[in-house]
Structure formats: structure tokens, C-alpha cells
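The block underneath contains the structure these notes are about, expressed in C-alpha cells.
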Amino acid sequence: MFHSNVGDLSVRVTLLGTGDTTGTPTVGCECDTCETARERDIERTRFSVHVENERTDESLLIDFSPDFRYQFLRESVSLPDAAIITHIHFDHLDGLGNVFRVFDSLDVYAADETDPKTGESVAETVANDYDYLNAVSVQPTTPLESTRICGFDVTLVPVDHPPLLCYGLAIEDPETGAKLSLSGDTSYAIPQASREVLAEPDLLLADAIVPAELCDAHPIGGRHEDDEGVARTFGTKHMTREGALALADDLDAERARLVHIAHFYPVTDAFAEPLALDGETYEL
Ligand SMILES: [Zn+2]
Ligand SMILES: [Zn+2]
Ligand SMILES: [Zn+2]
């Protein structure tokens, strides 16, 4: 991979939110994992990633966490120049209201394919639900086609998160070749065309909601088992830890961090590598 950065200018990735929809600690939960997180003052807020292009001095936000305000105050990162929404679940979209009276204008990119489940594309749902936000200009974006955003080549890739359409992302600096890939919320069954776009990133952020052993606790169990019978998908919507690590392997990722982590990880595993925590930063 081509790595001669232009001067010291690079892609700076900040993990604003690494938790699932309830976060860790979860409100009202006294499990060992949540109690340990409180004691050690560490957390996983709802999912969001800040990607700064030091070359163009712009930044791109991936998903609007309901914890948007808190995350920006805590990490002191710059407000984004543009944003992308992967899908319309609460934990990825409902922070968009924070734009009100904070931004004068903001381009928000989202997929333009009609979701049979809702009869609308992600772009249309965002535009309809947040019609009152005059600052937001929704930019309907065609998956599997590269779009220049904040000086990056950005491609939305279809993933598998039933019943809704959802997208992963490849974000590449055309000057340096630095590449960040995100799985999005997804099962292990990411289509081949999407895998080709996500392949060979410097950093992969992969959805890993629980360890495979917890599939027994899911009403429909796990699926997409590997040769040893280990489930790479928990239920239908998310990868297991083992599935996320298999994906990192499949994609030949230079480095992988597991995100969208639930508090259901046993405390012995919950804060172990390579599970990400809020506030981690990476230079690509
Ligand atoms: Zn808990
Ligand atoms: Zn989701
Ligand atoms: Zn989610």
C-alpha cells in the first residue's frame, strides 16, 4: 500500500462512540461489565466516528449518535464539514437534531436506493423526518460509486442488516492512499461487491456486538458458522466478535478495531483487545 503521506498530514480517525444502542454502561444495569465501566470511568457511547482530513483541514462525521453533543465536548474534535448516515436506526440517526442552531449548513450524505421495507431510501427518510432542519442538505448518494467528500473518495457499500437497508463505507485519501473501512451494522453476509470495495484498509472498524458464545442466548441463535461451527453472525443483524475478526482477515485489514459493542460481553472480555473504547484515535 502507498504510504508516503504528504508531509505529516494524514487522516485522523477518532472513535466518538463504540457502543451498541444502549451503550456501556447501560442505564439502570448493574451487570459486572457496566459496574466495571463505571468504576474505571470508561464508556462506549452510541456509534459515531469522526474522520479528519489534515490535508484539506476538513472533517467528516459518520452517523449522528444520540450522544453527539457529549461526544464533541468530550473529544474536542472540530465540528464536521459534512456527514454520512449509514442507516435509519435510532443509534445512528437520532442525534441529527443536534445540528439545530449549531450549524449554518451541513451536507448529509445517505444512500439513494429505495428500501422495500420503508418504501423510501435512507436519504428520503432523513429528509422527511428532519424536514425542520434548514441547515441540512441531504445528498442522495448511489452505493458502490465513489463520491468526493471532504477531500476523500467515499463509497457507500450495501451490507446485511435486516430488515432495513444499511451501508458500510470505504473512505480513502486519493493523495496518500490511506484507507479506512467501516462494516456498518451488519451480519457476516456482506456481499462480494461490497467486500471488494472495503478490501485492504489501513484500519477496519467492524461491528461485533457480542462474542459468538452468546448466540445460545438469542431466540434464533447464530448463523454463518465457520469450519469449527463458530457463529459469525448473532441472530440476523450483527456480527459476533469472531465474525468481525474473520471479516478483518477476509479483507486483509492492516489493523482492525471492533465497535458497536454491547454490555453483554463478559467482564473478562469486555475491555480486552481488540475491542475499541470511546476516544481512541488513529492516524492513517
Ligand atoms: Zn450491563
Ligand atoms: Zn442498526
Ligand atoms: Zn446500531
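Following the order of the C-alpha cells, first chain is A, next is B, and so on, with residues numbered from 1 inside each chain and ligands from 1 in the order they appear.
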Note to self: If we count only C-alpha atoms and set the cut-off at 10 Å, which residues sit around Leu205 in chain A, ignoring sequence neighbours fewer than 5 positions away in its own chain? Please answer as a list in words.
What the structure shows: Leu15, Thr18, Val49, Gly168, Leu169, Leu180, Ser181, Leu182, Ser183, Gly184, Ala244, Ala248, Ala253, Arg255, Ala256, Arg257, Leu258, Val259, His260, Leu275 and Ala276 of chain A
Next item on the list: Excluding Val51 in chain A and any residue of its chain fewer than 5 positions from it, enumerate the residues within 6 Å of it, using only C-alpha atoms, and give them as an NGL selection string.
Entry: :A and (12-13 or 59-60)
Next item on the list: Please check which protein, DNA or RNA residues sit within 9 Å of ligand 1, counting only C-alpha atoms and all ligand atoms, and write them as a list in words.
Entry: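 The residues near ligand 1 are Gly23, Thr24, Pro25, Thr26, Val27, Gly28, Cys29, Glu30, Cys31, Asp32, Thr33, Cys34, Glu35, Ala262, His263, Phe264 and Tyr265 of chain A.
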Can I get the selection written as a CSV table (one decimal), in the first residue's frame, with N, CA, C and O atoms?
chain,number,residue,atom,x,y,z
A,23,GLY,N,-25.5,1.4,24.8
A,23,GLY,CA,-24.2,1.9,25.3
A,23,GLY,C,-23.7,1.1,26.5
A,23,GLY,O,-24.4,0.2,27.1
A,24,THR,N,-22.5,1.4,26.9
A,24,THR,CA,-21.9,0.8,28.2
A,24,THR,C,-21.3,2.0,28.9
A,24,THR,O,-20.5,2.7,28.4
A,25,PRO,N,-21.6,2.2,30.2
A,25,PRO,CA,-22.6,1.4,30.9
A,25,PRO,C,-24.0,1.7,30.4
A,25,PRO,O,-24.3,2.8,30.0
A,26,THR,N,-24.9,0.7,30.5
A,26,THR,CA,-26.3,0.8,30.2
A,26,THR,C,-27.1,1.4,31.4
A,26,THR,O,-26.8,1.0,32.5
A,27,VAL,N,-27.9,2.3,31.1
A,27,VAL,CA,-28.7,3.0,32.1
A,27,VAL,C,-29.5,1.9,32.9
A,27,VAL,O,-30.1,1.0,32.4
A,28,GLY,N,-29.3,1.9,34.2
A,28,GLY,CA,-30.0,1.0,35.1
A,28,GLY,C,-29.5,-0.4,35.2
A,28,GLY,O,-30.0,-1.2,35.9
A,29,CYS,N,-28.4,-0.6,34.5
A,29,CYS,CA,-27.8,-2.0,34.5
A,29,CYS,C,-26.7,-2.1,35.5
A,29,CYS,O,-25.8,-1.3,35.6
A,30,GLU,N,-26.8,-3.2,36.3
A,30,GLU,CA,-25.7,-3.5,37.3
A,30,GLU,C,-24.9,-4.7,37.0
A,30,GLU,O,-24.3,-5.3,37.9
A,31,CYS,N,-24.8,-5.1,35.7
A,31,CYS,CA,-24.0,-6.3,35.4
A,31,CYS,C,-22.5,-5.9,35.7
A,31,CYS,O,-22.2,-4.7,35.8
A,32,ASP,N,-21.7,-6.9,35.8
A,32,ASP,CA,-20.3,-6.7,36.1
A,32,ASP,C,-19.6,-5.8,35.1
A,32,ASP,O,-18.7,-5.0,35.4
A,33,THR,N,-20.0,-6.0,33.8
A,33,THR,CA,-19.4,-5.1,32.8
A,33,THR,C,-19.7,-3.7,32.9
A,33,THR,O,-18.8,-2.8,32.9
A,34,CYS,N,-21.0,-3.4,33.2
A,34,CYS,CA,-21.4,-2.0,33.4
A,34,CYS,C,-20.8,-1.4,34.7
A,34,CYS,O,-20.4,-0.3,34.7
A,35,GLU,N,-20.8,-2.2,35.7
A,35,GLU,CA,-20.2,-1.7,37.0
A,35,GLU,C,-18.7,-1.5,36.9
A,35,GLU,O,-18.2,-0.5,37.4
A,262,ALA,N,-21.8,-4.4,22.7
A,262,ALA,CA,-22.8,-4.5,23.8
A,262,ALA,C,-22.2,-4.7,25.1
A,262,ALA,O,-21.1,-5.3,25.3
A,263,HIS,N,-23.0,-4.4,26.2
A,263,HIS,CA,-22.5,-4.7,27.6
A,263,HIS,C,-22.7,-6.1,27.9
A,263,HIS,O,-22.3,-6.5,29.0
A,264,PHE,N,-23.2,-6.9,27.0
A,264,PHE,CA,-23.3,-8.4,27.2
A,264,PHE,C,-22.0,-9.1,27.2
A,264,PHE,O,-22.0,-10.3,27.6
A,265,TYR,N,-20.9,-8.5,26.7
A,265,TYR,CA,-19.6,-9.2,26.8
A,265,TYR,C,-19.3,-9.5,28.3
A,265,TYR,O,-19.5,-8.6,29.1
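Residues in contact with Cys166 in chain A at 10 Å, where only C-alpha atoms are counted and same-chain residues fewer than 6 positions away are skipped, are listed as A:Ile85, A:Thr86, A:His87, A:Ile88, A:His89, A:Ala110, A:Ala111, A:Asp115, A:Val122, A:Leu156, A:Val157, A:Pro158, A:Val159, A:Asp160, A:Ser183, A:Gly184, A:Asp185, A:Thr186.
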Grab the residues selected above and save them as a PDB file, in the first residue's frame with N, CA, C and O atoms.
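Final output, saved to again29.pdb:
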ATOM      1  N   ILE A  85     -24.864   9.186   6.789  1.00  0.00           N
ATOM      2  CA  ILE A  85     -25.714   8.344   7.649  1.00  0.00           C
ATOM      3  C   ILE A  85     -25.804   6.954   7.025  1.00  0.00           C
ATOM      4  O   ILE A  85     -26.203   6.800   5.871  1.00  0.00           O
ATOM      5  N   THR A  86     -25.426   5.936   7.815  1.00  0.00           N
ATOM      6  CA  THR A  86     -25.359   4.569   7.281  1.00  0.00           C
ATOM      7  C   THR A  86     -26.730   3.918   7.185  1.00  0.00           C
ATOM      8  O   THR A  86     -26.994   3.144   6.277  1.00  0.00           O
ATOM      9  N   HIS A  87     -27.602   4.209   8.182  1.00  0.00           N
ATOM     10  CA  HIS A  87     -28.956   3.636   8.169  1.00  0.00           C
ATOM     11  C   HIS A  87     -29.794   4.369   9.209  1.00  0.00           C
ATOM     12  O   HIS A  87     -29.273   5.198   9.967  1.00  0.00           O
ATOM     13  N   ILE A  88     -31.088   4.037   9.239  1.00  0.00           N
ATOM     14  CA  ILE A  88     -32.017   4.915   9.969  1.00  0.00           C
ATOM     15  C   ILE A  88     -32.326   4.445  11.385  1.00  0.00           C
ATOM     16  O   ILE A  88     -33.252   4.946  12.009  1.00  0.00           O
ATOM     17  N   HIS A  89     -31.575   3.493  11.913  1.00  0.00           N
ATOM     18  CA  HIS A  89     -31.782   3.107  13.309  1.00  0.00           C
ATOM     19  C   HIS A  89     -31.450   4.274  14.244  1.00  0.00           C
ATOM     20  O   HIS A  89     -30.526   5.054  13.988  1.00  0.00           O
ATOM     21  N   ALA A 110     -26.448  10.232   2.170  1.00  0.00           N
ATOM     22  CA  ALA A 110     -27.102   8.965   2.519  1.00  0.00           C
ATOM     23  C   ALA A 110     -27.536   8.278   1.231  1.00  0.00           C
ATOM     24  O   ALA A 110     -27.711   8.929   0.195  1.00  0.00           O
ATOM     25  N   ALA A 111     -27.722   6.976   1.320  1.00  0.00           N
ATOM     26  CA  ALA A 111     -27.981   6.170   0.119  1.00  0.00           C
ATOM     27  C   ALA A 111     -29.307   6.541  -0.546  1.00  0.00           C
ATOM     28  O   ALA A 111     -30.282   6.902   0.114  1.00  0.00           O
ATOM     29  N   ASP A 115     -35.686   1.454  -0.009  1.00  0.00           N
ATOM     30  CA  ASP A 115     -35.744   0.299   0.881  1.00  0.00           C
ATOM     31  C   ASP A 115     -37.149  -0.293   0.793  1.00  0.00           C
ATOM     32  O   ASP A 115     -38.119   0.396   1.121  1.00  0.00           O
ATOM     33  N   VAL A 122     -32.711   5.752   2.425  1.00  0.00           N
ATOM     34  CA  VAL A 122     -32.219   6.375   3.665  1.00  0.00           C
ATOM     35  C   VAL A 122     -32.231   7.896   3.495  1.00  0.00           C
ATOM     36  O   VAL A 122     -32.660   8.634   4.387  1.00  0.00           O
ATOM     37  N   LEU A 156     -20.227   4.248  -0.376  1.00  0.00           N
ATOM     38  CA  LEU A 156     -21.194   3.512   0.447  1.00  0.00           C
ATOM     39  C   LEU A 156     -21.327   2.112  -0.136  1.00  0.00           C
ATOM     40  O   LEU A 156     -21.479   1.969  -1.351  1.00  0.00           O
ATOM     41  N   VAL A 157     -21.278   1.099   0.719  1.00  0.00           N
ATOM     42  CA  VAL A 157     -21.408  -0.276   0.215  1.00  0.00           C
ATOM     43  C   VAL A 157     -22.541  -0.994   0.945  1.00  0.00           C
ATOM     44  O   VAL A 157     -22.624  -0.952   2.170  1.00  0.00           O
ATOM     45  N   PRO A 158     -23.427  -1.655   0.190  1.00  0.00           N
ATOM     46  CA  PRO A 158     -24.524  -2.379   0.835  1.00  0.00           C
ATOM     47  C   PRO A 158     -23.996  -3.479   1.754  1.00  0.00           C
ATOM     48  O   PRO A 158     -23.085  -4.225   1.380  1.00  0.00           O
ATOM     49  N   VAL A 159     -24.552  -3.558   2.969  1.00  0.00           N
ATOM     50  CA  VAL A 159     -24.238  -4.663   3.877  1.00  0.00           C
ATOM     51  C   VAL A 159     -25.537  -5.395   4.201  1.00  0.00           C
ATOM     52  O   VAL A 159     -26.519  -5.266   3.449  1.00  0.00           O
ATOM     53  N   ASP A 160     -25.588  -6.170   5.268  1.00  0.00           N
ATOM     54  CA  ASP A 160     -26.746  -7.036   5.519  1.00  0.00           C
ATOM     55  C   ASP A 160     -27.226  -6.841   6.956  1.00  0.00           C
ATOM     56  O   ASP A 160     -26.624  -7.381   7.886  1.00  0.00           O
ATOM     57  N   SER A 183     -17.569  -1.478   8.600  1.00  0.00           N
ATOM     58  CA  SER A 183     -18.504  -2.530   8.168  1.00  0.00           C
ATOM     59  C   SER A 183     -19.947  -2.058   8.160  1.00  0.00           C
ATOM     60  O   SER A 183     -20.778  -2.631   7.482  1.00  0.00           O
ATOM     61  N   GLY A 184     -20.254  -0.989   8.925  1.00  0.00           N
ATOM     62  CA  GLY A 184     -21.668  -0.684   9.189  1.00  0.00           C
ATOM     63  C   GLY A 184     -22.237  -1.712  10.142  1.00  0.00           C
ATOM     64  O   GLY A 184     -21.523  -2.623  10.594  1.00  0.00           O
ATOM     65  N   ASP A 185     -23.526  -1.568  10.490  1.00  0.00           N
ATOM     66  CA  ASP A 185     -24.209  -2.610  11.261  1.00  0.00           C
ATOM     67  C   ASP A 185     -24.508  -3.719  10.269  1.00  0.00           C
ATOM     68  O   ASP A 185     -25.215  -3.494   9.286  1.00  0.00           O
ATOM     69  N   THR A 186     -24.002  -4.913  10.520  1.00  0.00           N
ATOM     70  CA  THR A 186     -24.176  -5.954   9.505  1.00  0.00           C
ATOM     71  C   THR A 186     -23.969  -7.353  10.066  1.00  0.00           C
ATOM     72  O   THR A 186     -23.232  -7.549  11.034  1.00  0.00           O
TER      73      THR A 186
END
Near Gly221 in chain A, counting only C-alpha atoms, which residues have an atom at most 7 Å away, once you skip same-chain residues fewer than 6 positions from it, shown as a PDB file with C-alpha atoms, in the first residue's frame?
ATOM      1  CA  CYS A 215     -25.587 -16.847  20.313  1.00  0.00           C
ATOM      2  CA  PHE A 234     -25.534 -13.114  16.094  1.00  0.00           C
ATOM      3  CA  GLY A 235     -29.191 -13.590  15.150  1.00  0.00           C
TER       4      GLY A 235
END
Next item on the list: Write out as a list in words each polymer residue whose atoms come within 12 Å of Arg148 in chain A, counting only C-alpha atoms; drop sequence neighbours fewer than 4 positions from it.
Entry: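 Close residues of Arg148 in chain A: Leu60, Ala82, Tyr109, Thr141, Phe152, Asp153, Val154, Thr155, Leu156, Ala170, Ile171, Glu172, Asp173 and Pro174 of chain A.
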Please dump the current selection as a JSON list (two decimals), in the first residue's frame; keep all heavy atoms.
[["chain", "number", "residue", "atom", "x", "y", "z"],
["A", 60, "LEU", "N", -15.21, 14.86, 8.49],
["A", 60, "LEU", "CA", -16.38, 14.12, 8.06],
["A", 60, "LEU", "C", -16.89, 13.31, 9.24],
["A", 60, "LEU", "O", -16.09, 12.66, 9.92],
["A", 60, "LEU", "CB", -15.93, 13.20, 6.91],
["A", 60, "LEU", "CG", -16.90, 12.18, 6.34],
["A", 60, "LEU", "CD1", -18.12, 12.88, 5.74],
["A", 60, "LEU", "CD2", -16.18, 11.36, 5.26],
["A", 82, "ALA", "N", -19.08, 17.84, 6.71],
["A", 82, "ALA", "CA", -20.08, 17.01, 6.04],
["A", 82, "ALA", "C", -20.29, 15.76, 6.88],
["A", 82, "ALA", "O", -19.48, 15.48, 7.78],
["A", 82, "ALA", "CB", -19.59, 16.62, 4.64],
["A", 109, "TYR", "N", -24.86, 13.06, 3.59],
["A", 109, "TYR", "CA", -24.91, 12.08, 2.51],
["A", 109, "TYR", "C", -25.57, 10.79, 3.01],
["A", 109, "TYR", "O", -25.28, 10.33, 4.13],
["A", 109, "TYR", "CB", -23.49, 11.77, 2.01],
["A", 109, "TYR", "CG", -22.83, 12.94, 1.34],
["A", 109, "TYR", "CD1", -22.29, 13.99, 2.10],
["A", 109, "TYR", "CD2", -22.78, 13.04, -0.05],
["A", 109, "TYR", "CE1", -21.71, 15.09, 1.49],
["A", 109, "TYR", "CE2", -22.18, 14.14, -0.67],
["A", 109, "TYR", "CZ", -21.65, 15.15, 0.10],
["A", 109, "TYR", "OH", -21.07, 16.24, -0.51],
["A", 141, "THR", "N", -27.04, 9.57, -2.43],
["A", 141, "THR", "CA", -25.76, 9.05, -2.90],
["A", 141, "THR", "C", -25.93, 7.61, -3.38],
["A", 141, "THR", "O", -26.52, 6.78, -2.68],
["A", 141, "THR", "CB", -24.74, 9.10, -1.74],
["A", 141, "THR", "OG1", -24.70, 10.45, -1.24],
["A", 141, "THR", "CG2", -23.35, 8.69, -2.18],
["A", 152, "PHE", "N", -11.90, 13.30, 0.46],
["A", 152, "PHE", "CA", -11.78, 11.84, 0.45],
["A", 152, "PHE", "C", -12.60, 11.25, -0.70],
["A", 152, "PHE", "O", -13.62, 11.83, -1.10],
["A", 152, "PHE", "CB", -12.34, 11.23, 1.74],
["A", 152, "PHE", "CG", -11.60, 11.61, 2.99],
["A", 152, "PHE", "CD1", -12.30, 12.13, 4.08],
["A", 152, "PHE", "CD2", -10.23, 11.42, 3.11],
["A", 152, "PHE", "CE1", -11.65, 12.47, 5.25],
["A", 152, "PHE", "CE2", -9.57, 11.76, 4.29],
["A", 152, "PHE", "CZ", -10.28, 12.28, 5.36],
["A", 153, "ASP", "N", -12.21, 10.08, -1.16],
["A", 153, "ASP", "CA", -13.07, 9.28, -2.03],
["A", 153, "ASP", "C", -13.87, 8.36, -1.13],
["A", 153, "ASP", "O", -13.31, 7.48, -0.47],
["A", 153, "ASP", "CB", -12.24, 8.46, -3.02],
["A", 153, "ASP", "CG", -11.63, 9.35, -4.10],
["A", 153, "ASP", "OD1", -12.22, 10.41, -4.38],
["A", 153, "ASP", "OD2", -10.57, 8.99, -4.64],
["A", 154, "VAL", "N", -15.17, 8.58, -1.10],
["A", 154, "VAL", "CA", -16.05, 7.85, -0.17],
["A", 154, "VAL", "C", -17.01, 6.98, -0.96],
["A", 154, "VAL", "O", -17.63, 7.44, -1.92],
["A", 154, "VAL", "CB", -16.85, 8.85, 0.69],
["A", 154, "VAL", "CG1", -17.81, 8.11, 1.61],
["A", 154, "VAL", "CG2", -15.91, 9.75, 1.50],
["A", 155, "THR", "N", -17.11, 5.72, -0.56],
["A", 155, "THR", "CA", -18.04, 4.80, -1.23],
["A", 155, "THR", "C", -18.92, 4.12, -0.19],
["A", 155, "THR", "O", -18.42, 3.51, 0.76],
["A", 155, "THR", "CB", -17.27, 3.73, -2.04],
["A", 155, "THR", "OG1", -16.31, 4.37, -2.87],
["A", 155, "THR", "CG2", -18.24, 2.92, -2.91],
["A", 156, "LEU", "N", -20.23, 4.25, -0.38],
["A", 156, "LEU", "CA", -21.19, 3.51, 0.45],
["A", 156, "LEU", "C", -21.33, 2.11, -0.14],
["A", 156, "LEU", "O", -21.48, 1.97, -1.35],
["A", 156, "LEU", "CB", -22.57, 4.19, 0.37],
["A", 156, "LEU", "CG", -22.77, 5.49, 1.13],
["A", 156, "LEU", "CD1", -24.00, 6.22, 0.58],
["A", 156, "LEU", "CD2", -22.99, 5.20, 2.61],
["A", 170, "ALA", "N", -16.17, 2.82, 2.59],
["A", 170, "ALA", "CA", -14.73, 2.90, 2.36],
["A", 170, "ALA", "C", -14.40, 4.38, 2.18],
["A", 170, "ALA", "O", -15.07, 5.07, 1.40],
["A", 170, "ALA", "CB", -14.33, 2.11, 1.13],
["A", 171, "ILE", "N", -13.40, 4.85, 2.93],
["A", 171, "ILE", "CA", -13.01, 6.26, 2.90],
["A", 171, "ILE", "C", -11.52, 6.31, 2.61],
["A", 171, "ILE", "O", -10.71, 5.82, 3.40],
["A", 171, "ILE", "CB", -13.33, 6.93, 4.26],
["A", 171, "ILE", "CG1", -14.83, 6.87, 4.51],
["A", 171, "ILE", "CG2", -12.83, 8.38, 4.28],
["A", 171, "ILE", "CD1", -15.23, 7.31, 5.91],
["A", 172, "GLU", "N", -11.16, 6.88, 1.47],
["A", 172, "GLU", "CA", -9.77, 6.82, 1.03],
["A", 172, "GLU", "C", -9.26, 8.21, 0.71],
["A", 172, "GLU", "O", -9.97, 9.02, 0.11],
["A", 172, "GLU", "CB", -9.71, 5.95, -0.24],
["A", 172, "GLU", "CG", -8.50, 5.08, -0.26],
["A", 172, "GLU", "CD", -8.55, 4.04, -1.38],
["A", 172, "GLU", "OE1", -9.64, 3.66, -1.83],
["A", 172, "GLU", "OE2", -7.45, 3.64, -1.80],
["A", 173, "ASP", "N", -8.03, 8.48, 1.12],
["A", 173, "ASP", "CA", -7.39, 9.73, 0.74],
["A", 173, "ASP", "C", -6.72, 9.51, -0.63],
["A", 173, "ASP", "O", -5.77, 8.74, -0.72],
["A", 173, "ASP", "CB", -6.34, 10.14, 1.79],
["A", 173, "ASP", "CG", -5.73, 11.49, 1.48],
["A", 173, "ASP", "OD1", -5.71, 11.88, 0.29],
["A", 173, "ASP", "OD2", -5.25, 12.15, 2.43],
["A", 174, "PRO", "N", -7.22, 10.19, -1.67],
["A", 174, "PRO", "CA", -6.67, 9.94, -3.01],
["A", 174, "PRO", "C", -5.23, 10.38, -3.14],
["A", 174, "PRO", "O", -4.51, 9.90, -4.02],
["A", 174, "PRO", "CB", -7.58, 10.77, -3.94],
["A", 174, "PRO", "CG", -8.21, 11.80, -3.07],
["A", 174, "PRO", "CD", -8.28, 11.22, -1.69]]
Next item on the list: Provide the CA of Val11 in chain A to CA of Pro201 in chain A distance in Å, to one decimal place.
Entry: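 Pair CA of Val11 in chain A / CA of Pro201 in chain A returns 12.6 Å.
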Margin query: as a list of chain:residue names, please: every protein or nucleic acid residue near ligand 3 (cut-off 6 Å, counting only C-alpha atoms and all ligand atoms).
Written below: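 So, counting only C-alpha atoms and all ligand atoms, the residues near ligand 3 are A:Asp20, A:Thr21, A:Asp91, A:Asp185.
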Note to self: I'd like the contact shell of range 66-78 of chain A - 6 Å cut-off, only C-alpha atoms, skipping same-chain residues fewer than 4 positions apart - returned as a ChimeraX atom specification.
What the structure shows: /A:16,94-95
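Computed from the coordinates, the CA of Ile209 in chain A to CA of Met239 in chain A distance equals 6.4 Å.
For the atom pair formed by CA of His238 in chain A and CA of Gly19 in chain A, the distance is 12.9 Å, given to one decimal.
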